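As provided, target.tsv (TSV, C-alpha atoms) reads as follows.
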chain	number	residue	atom	x	y	z
A	1	MET	CA	9.35	-83.38	49.20
A	2	ARG	CA	8.20	-83.97	45.63
A	3	GLY	CA	6.35	-87.05	44.37
A	4	ILE	CA	4.83	-88.36	41.13
A	5	VAL	CA	1.03	-88.33	40.80
A	6	PHE	CA	-0.72	-90.13	37.92
A	7	LEU	CA	-3.45	-87.92	36.44
A	8	GLY	CA	-4.83	-90.25	33.78
A	9	ASN	CA	-5.01	-89.69	30.02
A	10	ARG	CA	-1.27	-90.39	29.86
A	11	LYS	CA	-0.48	-87.43	32.06
A	12	LEU	CA	1.34	-87.13	35.38
A	13	ASP	CA	2.56	-84.38	37.65
A	14	VAL	CA	5.40	-84.00	40.13
A	15	GLN	CA	3.76	-82.36	43.14
A	16	GLU	CA	4.88	-81.07	46.55
A	17	PHE	CA	4.05	-83.09	49.67
A	18	PRO	CA	5.02	-82.66	53.33
A	19	ASP	CA	7.78	-84.96	54.55
A	20	PRO	CA	6.12	-87.92	56.32
A	21	THR	CA	6.48	-88.47	60.07
A	22	PRO	CA	6.18	-92.02	61.47
A	23	GLY	CA	3.42	-92.77	63.96
A	24	ALA	CA	3.23	-95.68	66.36
A	25	GLY	CA	4.29	-98.91	64.66
A	26	GLU	CA	5.41	-97.07	61.53
A	27	VAL	CA	8.69	-96.28	59.79
A	28	VAL	CA	9.75	-93.78	57.16
A	29	LEU	CA	11.89	-95.17	54.37
A	30	ALA	CA	14.49	-93.16	52.51
A	31	ILE	CA	13.77	-94.49	49.03
A	32	LYS	CA	16.87	-95.39	47.03
A	33	ALA	CA	15.13	-97.03	44.05
A	34	SER	CA	11.47	-97.14	42.97
A	35	GLY	CA	10.56	-99.44	40.12
A	36	MET	CA	8.17	-98.83	37.23
A	37	CYS	CA	5.60	-101.63	36.90
A	38	GLY	CA	3.16	-102.45	34.11
A	39	SER	CA	0.38	-101.95	36.66
A	40	ASP	CA	1.37	-98.26	36.79
A	41	LEU	CA	0.13	-97.92	33.22
A	42	HIS	CA	-3.47	-98.46	34.39
A	43	PRO	CA	-3.67	-95.19	36.40
A	44	TYR	CA	-1.35	-93.48	33.92
A	45	ARG	CA	-3.69	-94.26	31.02
A	46	SER	CA	-6.97	-94.09	32.91
A	47	THR	CA	-9.68	-91.73	31.66
A	48	GLY	CA	-11.25	-91.37	35.11
A	49	ASN	CA	-8.55	-89.56	37.04
A	50	ALA	CA	-7.57	-86.58	34.93
A	51	ALA	CA	-10.37	-84.15	35.82
A	52	ALA	CA	-9.85	-84.53	39.56
A	53	GLY	CA	-6.07	-84.86	39.39
A	54	LEU	CA	-6.16	-87.23	42.34
A	55	GLY	CA	-4.35	-90.30	41.11
A	56	LEU	CA	-6.00	-93.46	42.41
A	57	GLY	CA	-6.60	-92.43	45.99
A	58	GLY	CA	-10.13	-91.19	45.56
A	59	ALA	CA	-9.97	-89.66	49.05
A	60	GLY	CA	-9.89	-86.02	48.04
A	61	THR	CA	-6.11	-85.69	47.93
A	62	PRO	CA	-3.44	-86.67	45.38
A	63	VAL	CA	-1.69	-90.02	45.88
A	64	ILE	CA	2.01	-90.59	45.17
A	65	GLY	CA	2.53	-93.46	42.73
A	66	GLY	CA	5.12	-96.21	42.78
A	67	HIS	CA	4.57	-99.63	44.37
A	68	GLU	CA	8.08	-101.10	44.08
A	69	PRO	CA	9.90	-99.50	47.03
A	70	CYS	CA	13.46	-100.18	48.10
A	71	GLY	CA	15.67	-98.17	50.41
A	72	VAL	CA	16.84	-97.76	53.98
A	73	VAL	CA	14.93	-97.13	57.20
A	74	HIS	CA	15.17	-93.38	57.80
A	75	ALA	CA	13.09	-92.93	60.98
A	76	VAL	CA	10.93	-95.06	63.29
A	77	GLY	CA	7.82	-94.34	65.33
A	78	ALA	CA	6.86	-95.39	68.83
A	79	GLY	CA	7.08	-99.11	69.49
A	80	VAL	CA	9.50	-99.79	66.62
A	81	ASP	CA	13.07	-100.93	67.27
A	82	PRO	CA	15.33	-97.90	66.71
A	83	GLY	CA	18.03	-100.33	65.65
A	84	LEU	CA	16.23	-100.60	62.32
A	85	VAL	CA	17.41	-97.13	61.30
A	86	GLY	CA	19.85	-97.50	58.42
A	87	ARG	CA	18.71	-101.05	57.57
A	88	ARG	CA	18.49	-101.89	53.83
A	89	VAL	CA	14.97	-103.14	53.13
A	90	MET	CA	12.32	-103.84	50.55
A	91	ASN	CA	8.64	-103.22	51.22
A	92	HIS	CA	5.67	-105.59	50.85
A	93	HIS	CA	3.45	-102.87	49.48
A	94	TYR	CA	0.14	-103.89	51.07
A	95	LYS	CA	-1.49	-103.20	54.43
A	96	GLY	CA	-4.39	-105.28	55.73
A	97	CYS	CA	-6.00	-105.63	59.13
A	98	GLY	CA	-2.94	-107.46	60.48
A	99	TRP	CA	-4.83	-110.19	62.36
A	100	CYS	CA	-6.94	-112.20	59.88
A	101	LYS	CA	-5.70	-115.55	58.56
A	102	HIS	CA	-4.45	-114.01	55.31
A	103	CYS	CA	-2.51	-111.20	57.00
A	104	ARG	CA	-0.98	-113.60	59.51
A	105	ALA	CA	0.16	-115.83	56.62
A	106	GLY	CA	1.89	-112.87	54.94
A	107	TRP	CA	-0.82	-112.30	52.31
A	108	SER	CA	-2.05	-108.86	53.41
A	109	GLN	CA	-3.39	-108.17	49.90
A	110	LEU	CA	-6.01	-110.89	50.44
A	111	CYS	CA	-7.35	-109.31	53.65
A	112	ARG	CA	-11.16	-109.25	53.52
A	113	HIS	CA	-11.36	-106.31	55.94
A	114	GLY	CA	-9.95	-103.87	53.38
A	115	ILE	CA	-6.44	-103.15	52.16
A	116	THR	CA	-4.17	-100.25	51.36
A	117	VAL	CA	-2.00	-100.69	48.28
A	118	TYR	CA	0.96	-98.35	48.57
A	119	GLY	CA	1.50	-96.49	45.32
A	120	MET	CA	-2.16	-96.97	44.37
A	121	THR	CA	-4.45	-96.13	47.31
A	122	GLY	CA	-1.74	-94.94	49.72
A	123	HIS	CA	1.36	-92.84	49.11
A	124	GLY	CA	4.02	-94.86	47.31
A	125	ALA	CA	7.70	-94.82	46.46
A	126	HIS	CA	7.95	-92.35	43.57
A	127	ALA	CA	9.23	-89.83	46.13
A	128	PRO	CA	12.33	-89.59	48.32
A	129	LEU	CA	10.47	-90.60	51.52
A	130	MET	CA	7.67	-93.11	52.18
A	131	LYS	CA	5.80	-93.97	55.39
A	132	VAL	CA	4.73	-97.61	55.95
A	133	PRO	CA	3.89	-99.94	58.83
A	134	ALA	CA	7.01	-101.62	60.21
A	135	PHE	CA	5.49	-105.06	59.59
A	136	THR	CA	5.60	-104.45	55.81
A	137	LEU	CA	9.41	-104.33	55.75
A	138	VAL	CA	11.16	-107.22	54.02
A	139	PRO	CA	14.87	-107.92	54.63
A	140	MET	CA	17.21	-107.89	51.66
A	141	PRO	CA	20.50	-109.79	51.16
A	142	ASP	CA	23.58	-107.57	51.11
A	143	SER	CA	24.42	-108.67	47.57
A	144	ILE	CA	21.10	-107.39	46.19
A	145	THR	CA	21.31	-103.82	44.90
A	146	PHE	CA	18.61	-101.25	45.60
A	147	GLU	CA	17.60	-101.38	41.92
A	148	GLU	CA	17.23	-105.17	42.08
A	149	GLY	CA	15.34	-104.89	45.35
A	150	ALA	CA	12.87	-102.53	43.71
A	151	ALA	CA	12.29	-105.02	40.87
A	152	ILE	CA	11.75	-107.87	43.36
A	153	SER	CA	9.23	-105.71	45.25
A	154	CYS	CA	6.61	-106.33	42.56
A	155	GLY	CA	7.44	-107.38	38.99
A	156	THR	CA	10.19	-109.93	39.57
A	157	GLY	CA	8.60	-111.15	42.79
A	158	THR	CA	5.30	-111.67	40.92
A	159	ALA	CA	7.07	-113.78	38.29
A	160	TYR	CA	8.77	-115.84	41.01
A	161	GLY	CA	5.45	-116.41	42.78
A	162	ALA	CA	3.83	-117.70	39.59
A	163	LEU	CA	6.79	-119.97	38.79
A	164	LYS	CA	6.49	-121.45	42.27
A	165	ARG	CA	2.78	-122.05	41.74
A	166	LEU	CA	3.64	-123.84	38.49
A	167	ASP	CA	6.40	-125.86	40.20
A	168	VAL	CA	8.75	-125.13	37.28
A	169	SER	CA	11.89	-127.26	37.09
A	170	GLY	CA	14.41	-128.74	34.67
A	171	ARG	CA	11.85	-131.25	33.43
A	172	ASP	CA	9.75	-128.47	31.87
A	173	THR	CA	9.45	-126.36	28.81
A	174	LEU	CA	8.08	-122.99	29.93
A	175	ALA	CA	6.31	-120.69	27.45
A	176	VAL	CA	6.00	-117.09	28.68
A	177	PHE	CA	3.49	-114.86	26.88
A	178	GLY	CA	4.37	-111.17	27.28
A	179	GLN	CA	7.93	-109.99	27.83
A	180	GLY	CA	7.42	-106.87	29.88
A	181	PRO	CA	9.28	-106.65	33.19
A	182	VAL	CA	7.22	-109.50	34.72
A	183	GLY	CA	7.55	-111.76	31.68
A	184	LEU	CA	11.25	-111.02	31.29
A	185	SER	CA	11.71	-111.86	34.97
A	186	ALA	CA	9.85	-115.13	34.42
A	187	THR	CA	12.13	-115.90	31.48
A	188	MET	CA	15.26	-115.24	33.53
A	189	LEU	CA	14.09	-117.05	36.68
A	190	GLY	CA	12.51	-119.94	34.78
A	191	ARG	CA	15.83	-120.53	33.05
A	192	ALA	CA	17.59	-120.43	36.43
A	193	MET	CA	15.14	-123.07	37.68
A	194	GLY	CA	16.24	-125.31	34.81
A	195	ALA	CA	13.40	-124.92	32.33
A	196	ARG	CA	13.75	-124.50	28.59
A	197	VAL	CA	12.07	-121.14	27.99
A	198	ILE	CA	10.06	-119.98	24.97
A	199	ALA	CA	9.34	-116.23	25.00
A	200	VAL	CA	6.36	-114.71	23.15
A	201	ASP	CA	5.90	-110.98	22.47
A	202	VAL	CA	5.10	-108.53	19.67
A	203	SER	CA	8.07	-106.26	20.49
A	204	ALA	CA	11.32	-107.06	18.69
A	205	GLU	CA	13.24	-105.18	21.37
A	206	ARG	CA	11.74	-107.24	24.17
A	207	LEU	CA	12.24	-110.52	22.30
A	208	ALA	CA	15.90	-109.66	21.84
A	209	LEU	CA	16.21	-108.94	25.56
A	210	ALA	CA	14.42	-112.22	26.35
A	211	ARG	CA	17.10	-114.09	24.41
A	212	GLU	CA	19.80	-112.31	26.38
A	213	LEU	CA	18.07	-113.33	29.62
A	214	GLY	CA	17.83	-117.01	28.78
A	215	ALA	CA	15.03	-117.72	26.28
A	216	GLU	CA	15.98	-120.58	23.96
A	217	HIS	CA	13.29	-119.64	21.42
A	218	THR	CA	11.33	-116.44	20.75
A	219	ILE	CA	8.03	-116.07	18.91
A	220	ASP	CA	6.35	-112.97	17.49
A	221	PRO	CA	2.62	-113.85	17.33
A	222	ARG	CA	2.13	-111.40	14.48
A	223	ALA	CA	4.52	-113.44	12.35
A	224	SER	CA	3.49	-116.98	13.30
A	225	ASP	CA	0.83	-118.81	15.30
A	226	PRO	CA	2.39	-119.27	18.77
A	227	VAL	CA	0.23	-122.28	19.62
A	228	LYS	CA	1.36	-124.12	16.50
A	229	ALA	CA	4.98	-123.00	16.96
A	230	ILE	CA	5.13	-124.14	20.60
A	231	HIS	CA	3.66	-127.54	19.74
A	232	GLU	CA	6.23	-127.90	16.95
A	233	LEU	CA	9.06	-126.98	19.33
A	234	THR	CA	7.89	-129.63	21.79
A	235	GLY	CA	7.53	-132.52	19.36
A	236	GLY	CA	3.78	-132.06	19.13
A	237	ASP	CA	3.22	-132.43	22.87
A	238	GLY	CA	2.84	-128.82	23.96
A	239	ALA	CA	4.67	-127.12	26.82
A	240	GLU	CA	4.52	-128.57	30.33
A	241	THR	CA	4.15	-125.06	31.76
A	242	THR	CA	2.90	-121.78	30.29
A	243	MET	CA	2.30	-118.33	31.70
A	244	ASP	CA	0.48	-115.24	30.46
A	245	CYS	CA	1.99	-111.98	31.72
A	246	SER	CA	0.34	-109.75	29.12
A	247	GLY	CA	-3.29	-109.59	30.23
A	248	ASN	CA	-4.21	-109.82	26.55
A	249	PRO	CA	-7.32	-112.02	25.99
A	250	GLU	CA	-5.90	-113.71	22.89
A	251	ALA	CA	-2.55	-114.38	24.56
A	252	ARG	CA	-4.32	-115.90	27.58
A	253	ALA	CA	-6.18	-118.35	25.36
A	254	GLN	CA	-2.97	-119.15	23.47
A	255	ALA	CA	-1.17	-119.84	26.75
A	256	VAL	CA	-3.81	-122.45	27.60
A	257	ARG	CA	-3.88	-124.00	24.14
A	258	SER	CA	-0.09	-124.20	23.82
A	259	ALA	CA	0.15	-126.27	27.00
A	260	GLY	CA	0.30	-130.04	26.64
A	261	THR	CA	-1.95	-132.65	28.23
A	262	TRP	CA	-1.56	-132.40	32.03
A	263	GLY	CA	-0.06	-128.95	31.45
A	264	ARG	CA	0.13	-126.27	34.14
A	265	VAL	CA	-0.88	-122.72	33.21
A	266	ALA	CA	-0.66	-119.45	35.18
A	267	PHE	CA	-2.56	-116.24	34.47
A	268	VAL	CA	-0.52	-113.33	35.83
A	269	GLY	CA	-1.37	-110.29	33.69
A	270	GLU	CA	-4.09	-108.02	35.09
A	271	GLY	CA	-7.34	-106.88	33.47
A	272	ASN	CA	-9.41	-107.92	30.46
A	273	SER	CA	-11.05	-111.33	30.07
A	274	VAL	CA	-10.65	-114.62	28.21
A	275	THR	CA	-12.94	-116.97	26.29
A	276	LEU	CA	-12.18	-120.69	26.41
A	277	ASP	CA	-13.94	-123.88	25.40
A	278	VAL	CA	-13.94	-125.51	28.82
A	279	SER	CA	-14.20	-129.10	27.59
A	280	LYS	CA	-11.79	-128.85	24.66
A	281	ASP	CA	-9.26	-126.45	26.16
A	282	LEU	CA	-9.26	-127.55	29.80
A	283	LEU	CA	-11.17	-130.63	30.93
A	284	ARG	CA	-10.21	-133.08	28.21
A	285	ARG	CA	-6.55	-132.16	28.46
A	286	GLN	CA	-6.41	-132.26	32.29
A	287	ILE	CA	-5.10	-128.68	32.45
A	288	THR	CA	-4.30	-127.09	35.81
A	289	LEU	CA	-4.99	-123.34	35.65
A	290	HIS	CA	-3.53	-121.04	38.33
A	291	ALA	CA	-4.54	-117.44	38.96
A	292	SER	CA	-1.41	-115.95	40.53
A	293	TRP	CA	-1.50	-112.46	42.05
A	294	THR	CA	1.85	-111.11	43.30
A	295	PHE	CA	3.37	-112.84	46.37
A	296	SER	CA	3.43	-113.02	50.17
A	297	ASN	CA	5.99	-111.13	52.24
A	298	VAL	CA	7.68	-114.48	52.88
A	299	GLY	CA	7.71	-115.18	49.14
A	300	GLN	CA	9.26	-111.78	48.47
A	301	GLU	CA	12.15	-112.53	50.82
A	302	GLU	CA	12.53	-116.02	49.31
A	303	CYS	CA	12.74	-114.54	45.81
A	304	ALA	CA	15.54	-112.20	46.90
A	305	ARG	CA	17.44	-115.09	48.51
A	306	PHE	CA	16.99	-117.23	45.38
A	307	ILE	CA	18.48	-114.49	43.20
A	308	ALA	CA	21.32	-113.77	45.63
A	309	GLU	CA	22.32	-117.38	46.29
A	310	ARG	CA	22.29	-118.33	42.61
A	311	LYS	CA	23.98	-115.09	41.59
A	312	ILE	CA	21.30	-114.39	38.99
A	313	PRO	CA	22.24	-111.15	37.15
A	314	LEU	CA	18.89	-109.46	37.71
A	315	GLY	CA	20.46	-106.08	36.96
A	316	ARG	CA	20.45	-107.01	33.27
A	317	LEU	CA	16.67	-106.66	33.39
A	318	LEU	CA	17.07	-102.93	34.07
A	319	THR	CA	17.35	-100.96	30.84
A	320	HIS	CA	16.49	-97.43	32.01
A	321	ARG	CA	17.33	-95.41	35.11
A	322	TRP	CA	15.60	-92.10	35.79
A	323	ARG	CA	15.54	-89.11	38.11
A	324	LEU	CA	12.29	-87.69	39.48
A	325	GLU	CA	12.36	-84.69	37.17
A	326	GLN	CA	12.41	-87.08	34.18
A	327	ALA	CA	9.08	-88.68	35.16
A	328	ASP	CA	7.15	-87.53	32.09
A	329	GLU	CA	9.83	-88.79	29.69
A	330	ALA	CA	10.17	-92.04	31.64
A	331	TYR	CA	6.50	-92.98	31.47
A	332	LYS	CA	6.10	-91.91	27.86
A	333	LEU	CA	8.85	-94.37	26.96
A	334	PHE	CA	7.55	-97.12	29.28
A	335	ASP	CA	4.10	-96.72	27.70
A	336	THR	CA	5.53	-97.87	24.35
A	337	GLN	CA	6.00	-101.33	25.93
A	338	THR	CA	9.30	-101.91	24.16
A	339	THR	CA	11.71	-101.61	27.10
A	340	GLY	CA	12.95	-103.69	29.98
A	341	LYS	CA	12.66	-102.51	33.58
A	342	GLY	CA	12.78	-98.81	34.39
A	343	VAL	CA	13.58	-97.47	37.85
A	344	PHE	CA	13.69	-94.08	39.55
A	345	LEU	CA	16.81	-93.47	41.62
A	346	PHE	CA	17.01	-91.19	44.64
Write the structure described by the file as structure tokens, please.
Amino acid sequence: MRGIVFLGNRKLDVQEFPDPTPGAGEVVLAIKASGMCGSDLHPYRSTGNAAAGLGLGGAGTPVIGGHEPCGVVHAVGAGVDPGLVGRRVMNHHYKGCGWCKHCRAGWSQLCRHGITVYGMTGHGAHAPLMKVPAFTLVPMPDSITFEEGAAISCGTGTAYGALKRLDVSGRDTLAVFGQGPVGLSATMLGRAMGARVIAVDVSAERLALARELGAEHTIDPRASDPVKAIHELTGGDGAETTMDCSGNPEARAQAVRSAGTWGRVAFVGEGNSVTLDVSKDLLRRQITLHASWTFSNVGQEECARFIAERKIPLGRLLTHRWRLEQADEAYKLFDTQTTGKGVFLF
């Protein structure tokens, strides 16, 4: 089979790999849809991988990218119920030790004994077949498409997890900084939870999509100060809830400063840093600051049920659909950070 390998320096390659065979406790998925996530841009842009051509694995062999898997169970190994074959599933793309308190609670990514992140340090879903432990499978409602399931498997699920941490409801104004796939998901889901949503981004295309997905107001921080604008839109109080999905240091600080007294803030975007005046920005305004990293396997299933039961049109988030041979074109476009969700279809 062929799979996408990130080489760094904005290069990738579609390489040949042997078809995987499931071992004890494992399954092989026939991937139907594999989402493109903003986190993929880190290995895609990295300057450390190109010379070796090894992706992120660092184990002497190339690693297939793609950490938003969705498909059907194709084959099972010893000890796995053969009745799973043909089942439509998502994948919680982490493997931990399986027995520590974090793994048993469904948070394998927090395992202190070491983790595998499929699509980063283990072969991922940018290929027609993918081998994973059976315990990483997540059931999917029949009404959820494979494309939607791929989005839920990281980006949309991450937004849902942060919204839950913030306890967003109809009593809130929610300001979302960064309208990539995670931020757009937060805009759509936050609106479904009843919040009035303010979307912030520098891309006109993404702001227009945010309006389509439920944002009541949009702000381009290059045209106006978002902190001032959000306070004006909330009668001087500031937003009850804010979220940074960009990872940009300035946007992170603005997310904190645009929140009102007793406001709840979530940092979701990866990388970089932030500088805050702890007393002025946090303590003396009684701010609650959450650091929210993806979701548990239980949270992933809950997100899918929430979308299915409320008939949220998550498919509108998807703006580009690609085939494997279009990988170079797909990531060059995604790297412009002007699109909605992209997905590879198999």
Give me, as CSV, the closest atom pair and its distance (Å, one decimal) for every residue of stretch 251-304 of chain A within a cut-off of 9 Å of stretch 233-245 of chain A, counting only C-alpha atoms, rows sorted by chain and rising number.
residue,atom,partner,partner_atom,distance
A:Ala251,CA,A:Asp244,CA,6.7
A:Arg252,CA,A:Asp244,CA,5.6
A:Ala253,CA,A:Asp244,CA,8.9
A:Gln254,CA,A:Asp244,CA,8.7
A:Ala255,CA,A:Thr242,CA,5.7
A:Val256,CA,A:Thr242,CA,7.3
A:Arg257,CA,A:Gly238,CA,8.3
A:Ser258,CA,A:Gly238,CA,5.5
A:Ala259,CA,A:Ala239,CA,4.6
A:Gly260,CA,A:Gly238,CA,3.9
A:Thr261,CA,A:Asp237,CA,7.5
A:Trp262,CA,A:Glu240,CA,7.4
A:Gly263,CA,A:Glu240,CA,4.7
A:Arg264,CA,A:Thr241,CA,4.8
A:Val265,CA,A:Thr242,CA,4.9
A:Ala266,CA,A:Met243,CA,4.7
A:Phe267,CA,A:Asp244,CA,5.1
A:Val268,CA,A:Cys245,CA,5.0
A:Gly269,CA,A:Cys245,CA,4.2
A:Glu270,CA,A:Cys245,CA,8.0
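Atom pair atom CA of A:Met90 / atom CA of A:Ile115: separated by 18.8 Å.
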Next on the checklist: If we count all atoms listed in the file and set the cut-off at 12 Å, which residues sit around A:Leu184, ignoring sequence neighbours fewer than 4 positions away in its own chain? Please answer as a PyMOL selection string.
Outcome noted: chain A and resi 151+155-160+175-180+188-191+197-201+205-215+218+243-246+314-319+338-341
Next on the checklist: At a cut-off of 10 Å around the point (7.2, -84.8, 45.0) (file coordinates), what residues fall inside when counting only C-alpha atoms? I'd like the answer as a VMD selection string.
Outcome noted: chain A and resid 1 to 5 13 to 19 64 126 to 129 324 to 325
Checklist outcome for this item: One decimal place gives the atom CA of A:Leu333-atom CA of A:His320 separation as 9.7 Å
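Using only C-alpha atoms, the smallest distance between any of A:Ser279, A:Phe6, A:Pro226, A:Val76 and A:Pro43 comes from A:Phe6.
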Next on the checklist: When you count all atoms listed in the file, which of these residues is closest to A:Leu345: A:Asn248, A:Ser34, A:Ser108, A:Thr294?
Outcome noted: A:Ser34
Item to check | d(atom CA of A:Ala186, atom CA of A:Val72) in Å | outcome: 27.1 Å
